[in-house]
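Engineer: Right, I'll just put the structure down here and ask away after.
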Amino acid sequence: MKKVRWGVIGAGGIAQRRTIPGMMQCENAELVAVMEITPELAESCRAKWNCKKAYTSAEELLNDPEIDAVYIATPNCMYQLLAHPNEIGIVRSYILGDFDVDGIDYADPYPAMRKLVSLSKYVRPLTPTSIARVSAGILSHGFKKPPVPATEGPSKFARIKRGLMPHTEKADSETVSFHYDMSNEFYADFLGSSMTYTCAVFDNEHMSLEDAQANKLRLILDKLDLQPGQRLLDIGCGWGSMVITAARRGIKALGVTLSKEQAAYANEWIACEGLQDLAEVRVQDYREVPEHDFDGICSIGMMEHVGVKNYQSYFEEMFRLLKPMGRLLNHQITISHDKPHGKPGTDEFLDRYIFPDGDLGAPGFIESCIHDAGFNVVHQENLRQHYALTLHHWNQNLSEHWDDAVKQVGFERAKVWGMYMAACALNFELDGIQIHQFLAVKPDRVGHPDGKWYPLRQWWQA
């Protein structure tokens, strides 16, 4: 088994008493280099532990190609982890620069994350005794309340104290604004020219992001099979790419979003293309749409904001808004494994930094909700690998436009988004999360009692 190669920065003091001896007891660890502030101390440590190299500069040690170095830059890292011994403590430390990874690209930290995952098999769970020892060592220097990143939003409990009950219209308006109303230019930095913030569909790994996003929009419209003059409702329409694409086919398209920034961008785009007679985007909650009898409804990347407990009522609302034999295309991120009673998958990092109140359901639970709302579920497919590819493109775009991204939203928030997208790509690859498209049809039991509400076989090209 390959050994993990270590370098220790600050090899004296507690490192000599505890860190290095513990490392030397691990059969899968190899101490390659040490660093101390003077040549004499560095050489003394090297000789004591019989390692290859001694440095007097942390930079020199971190540039050593034999070492995969993760180093602690400030004591705040330990205070963060003591205060929050979970992902929030790690995220805060990373965002604030309390720890770093040598050679990391803040816009695309995926390679570093992959490398850390490969080391996970060497990590041993902490025992209560070791936790007590670490805590005592930190507290012996006194406890310091660690800082909180400026980009961190309030916790779910804090939002509820302010009267923002999850997934009410008031809370949804604020949480959507938190996520989307930053800067359209920032989103353009990583989304590219399509301004489409959902999973693309790739014919192969070499397909461009722009072509894959156009392919996704084509696939959805082909599944809905709407004809010129028919009516489409796009719920959570983003910056309007689906509404625009539908209008180019002669379909009358209405998009609704809770983001003022998105609606302004979309309506300007519609005007530039001269599609005002066919397309419109409103700032409106889907529960307040006055029209009905739509021929088709698409919900693309919207369900992550709805809340698992509201899935049933959401699909019942879609059922009400569609005309008989109308079609629903639901495209959403899912968790890979069912939880008891449809319990949602949640994440504290995403809740505080990216998607407040966001949660995910499992595909089986979602399909049951669509069915129980009265629909015939005609088709379902898993696009998990496509989202990993999409995210890699977004990270690459962010890296290429890093300076402008920092200008638009600040270094700290840009760093958060680089980490968020890279972590999501990794999670899709590891099958922790998936993304599914569900195609459903509203029965017409009165007008077509023969049950012939859709063709016998698939009518679209995959």
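Residues in the structure tokens are named by chain (A, B, ... in the order shown) and by number from 1 within that chain; ligands are numbered from 1 in the order shown.
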With only C-alpha atoms as the counted atoms, please give the residues lying no more than 9 Å from stretch 239-249 of chain A, apart from itself and same-chain residues fewer than 3 positions off, as a JSON list (two decimals) with C-alpha atoms, in the first residue's frame.

Structural biologist:
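Written output follows (part-v1.json):
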[["chain", "number", "residue", "atom", "x", "y", "z"],
["A", 184, "ASN", "CA", -25.57, 38.88, -13.72],
["A", 194, "SER", "CA", -25.98, 30.43, -22.78],
["A", 195, "MET", "CA", -26.71, 31.86, -19.31],
["A", 196, "THR", "CA", -28.23, 28.49, -18.48],
["A", 197, "TYR", "CA", -27.76, 27.50, -14.84],
["A", 214, "ALA", "CA", -28.57, 24.00, -26.43],
["A", 217, "LEU", "CA", -33.10, 22.83, -24.17],
["A", 218, "ARG", "CA", -33.81, 20.98, -27.44],
["A", 221, "LEU", "CA", -38.87, 20.94, -25.83],
["A", 226, "LEU", "CA", -45.24, 21.67, -28.22],
["A", 227, "GLN", "CA", -46.28, 23.14, -31.56],
["A", 228, "PRO", "CA", -46.28, 26.80, -32.75],
["A", 232, "LEU", "CA", -45.57, 26.90, -22.22],
["A", 233, "LEU", "CA", -45.07, 27.88, -18.57],
["A", 234, "ASP", "CA", -41.44, 27.81, -17.38],
["A", 252, "LYS", "CA", -46.01, 31.22, -26.56],
["A", 253, "ALA", "CA", -43.77, 31.08, -23.49],
["A", 254, "LEU", "CA", -44.27, 32.58, -20.02],
["A", 255, "GLY", "CA", -41.43, 32.41, -17.51],
["A", 257, "THR", "CA", -38.88, 33.82, -11.34],
["A", 261, "GLU", "CA", -32.07, 40.56, -11.69],
["A", 262, "GLN", "CA", -32.99, 37.50, -13.74],
["A", 263, "ALA", "CA", -36.30, 38.93, -14.95],
["A", 264, "ALA", "CA", -34.69, 42.20, -16.08],
["A", 265, "TYR", "CA", -31.99, 40.29, -17.97],
["A", 266, "ALA", "CA", -34.50, 37.92, -19.59],
["A", 267, "ASN", "CA", -36.90, 40.62, -20.76],
["A", 269, "TRP", "CA", -32.92, 39.49, -24.09],
["A", 270, "ILE", "CA", -36.50, 38.93, -25.35],
["A", 273, "GLU", "CA", -34.59, 39.20, -30.27],
["A", 275, "LEU", "CA", -39.91, 38.09, -29.39],
["A", 277, "ASP", "CA", -45.31, 38.84, -28.88],
["A", 278, "LEU", "CA", -44.35, 35.29, -27.92],
["A", 279, "ALA", "CA", -42.29, 35.51, -24.72],
["A", 280, "GLU", "CA", -42.59, 37.16, -21.30],
["A", 281, "VAL", "CA", -40.78, 36.80, -17.97]]

Engineer: At a cut-off of 7 Å, using only C-alpha atoms, what residues contact A:Ile333? Leave out same-chain residues fewer than 6 positions from it and give the result as a PyMOL selection string.

Structural biologist: chain A and resi 304+360+434-436

Engineer: Could you save those same residues with C-alpha atoms as a short mmCIF file (atom, residue, chain, number, x, y, z; two decimals), in the first residue's frame?

Structural biologist:
data_model
loop_
_atom_site.label_atom_id
_atom_site.label_comp_id
_atom_site.auth_asym_id
_atom_site.auth_seq_id
_atom_site.Cartn_x
_atom_site.Cartn_y
_atom_site.Cartn_z
CA GLU A 304 -34.32 22.32 -5.09
CA LEU A 360 -33.36 17.26 -2.07
CA GLN A 434 -27.95 12.60 -9.08
CA ILE A 435 -30.13 14.59 -11.45
CA HIS A 436 -33.30 13.27 -13.06
#

Engineer: Using only C-alpha atoms, find the one residue out of A:Cys199, A:Cys272, A:Ile104, A:Leu116 that sits nearest to A:Leu391.

Structural biologist: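 Distance minimum relative to A:Leu391 lands on A:Cys199.
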
Engineer: From the set A:Leu456, A:Leu119, A:Asp431, A:Met325, which residue has the shortest atom-to-atom contact distance to A:His337, counting only C-alpha atoms?

Structural biologist: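 Result for the nearest residue to A:His337: A:Asp431.
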
Engineer: When DSSP is applied to the backbone of this structure, which of stretch 55-232 of chain A are assigned strand (DSSP E)? Write them out as a PyMOL selection string.

Structural biologist: chain A and resi 55+70-72+99-101+231-232

Engineer: What's around A:Leu322 at 7 Å? Count only C-alpha atoms, leave out sequence neighbours fewer than 6 positions away in its own chain, and write the answer as a tab-separated table (two decimals) with C-alpha atoms, in the first residue's frame.

Structural biologist:
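Saved to result_11.tsv:
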chain	number	residue	atom	x	y	z
A	292	HIS	CA	-54.14	28.06	-16.62
A	293	ASP	CA	-54.73	25.50	-19.40
A	294	PHE	CA	-51.08	25.49	-20.45
A	295	ASP	CA	-50.10	22.91	-23.06
A	296	GLY	CA	-46.80	22.28	-21.32

Engineer: Between atom CA of A:Lys442 and atom CA of A:His386, what distance in Å does the model show, to one decimal?

Structural biologist: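 One can read the atom CA of A:Lys442 to atom CA of A:His386 distance as 28.4 Å.
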
Engineer: For each of A:Ser155, A:Ser118, A:Asn204, A:Asn76, take the minimum atom-to-atom distance to A:Asp347, counting only C-alpha atoms, then give the residue where this is smallest.

Structural biologist: A:Ser155

Engineer: Would you mind listing what lies within 7 Å of A:Leu31 as a PyMOL selection string, with only C-alpha atoms counted and same-chain residues fewer than 3 positions away left out?

Structural biologist: chain A and resi 5-7+51

Engineer: With C-alpha atoms kept, could you save the residues just selected as a short mmCIF file (atom, residue, chain, number, x, y, z; two decimals), in the first residue's frame?

Structural biologist:
data_model
loop_
_atom_site.label_atom_id
_atom_site.label_comp_id
_atom_site.auth_asym_id
_atom_site.auth_seq_id
_atom_site.Cartn_x
_atom_site.Cartn_y
_atom_site.Cartn_z
CA ARG A 5 4.24 11.45 2.33
CA TRP A 6 4.24 14.19 4.96
CA GLY A 7 6.03 17.44 5.58
CA CYS A 51 13.80 12.12 7.52
#

Engineer: Show me, as a ChimeraX atom specification, the residues that have an atom within 9 Å of A:Lys53 when counting only C-alpha atoms, minus same-chain residues fewer than 5 positions from it.

Structural biologist: /A:32-35,42-43,46,61

Engineer: Would you write out those residues with C-alpha atoms, as a PDB file, in the first residue's frame?

Structural biologist:
ATOM      1  CA  VAL A  32       9.750  13.284   4.254  1.00  0.00           C
ATOM      2  CA  ALA A  33      10.692  16.784   5.444  1.00  0.00           C
ATOM      3  CA  VAL A  34      10.549  19.153   8.388  1.00  0.00           C
ATOM      4  CA  MET A  35      10.684  22.924   8.593  1.00  0.00           C
ATOM      5  CA  ALA A  42      15.643  22.254  11.287  1.00  0.00           C
ATOM      6  CA  GLU A  43      18.693  19.945  11.108  1.00  0.00           C
ATOM      7  CA  ARG A  46      15.611  16.096  10.698  1.00  0.00           C
ATOM      8  CA  LEU A  61       8.779  22.713   1.918  1.00  0.00           C
TER       9      LEU A  61
END

Engineer: Nearest to A:Gln332 among A:Glu381, A:Glu205, A:Asp102, A:Asp351, with distances taken over only C-alpha atoms: which residue is it?

Structural biologist: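 Of A:Glu381, A:Glu205, A:Asp102, A:Asp351, the one nearest A:Gln332, counting only C-alpha atoms, is A:Glu381.
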
Engineer: Please identify the helix (DSSP H, G or I) residues within stretch 91-304 of chain A (assignment by DSSP from backbone atoms) and present them as an NGL selection string.

Structural biologist: :A and (91-95 or 110-118 or 120-122 or 128-139 or 156-161 or 169-180 or 184-191 or 209-224 or 241-248 or 260-272 or 286-288 or 303-304)

Engineer: Quick one: of A:Ala271, A:Val289, A:Asn397, A:Asp225, who's nearest to A:Val441, counting only C-alpha atoms?

Structural biologist: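 Nearest candidate to A:Val441 out of A:Ala271, A:Val289, A:Asn397, A:Asp225: A:Asp225.
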
Engineer: Mind checking which residues fall within 9 Å of A:Phe319, counting only C-alpha atoms, ignoring those fewer than 5 positions away in the same chain, and posting them as a ChimeraX atom specification?

Structural biologist: /A:314,324,326,328,373-375,442
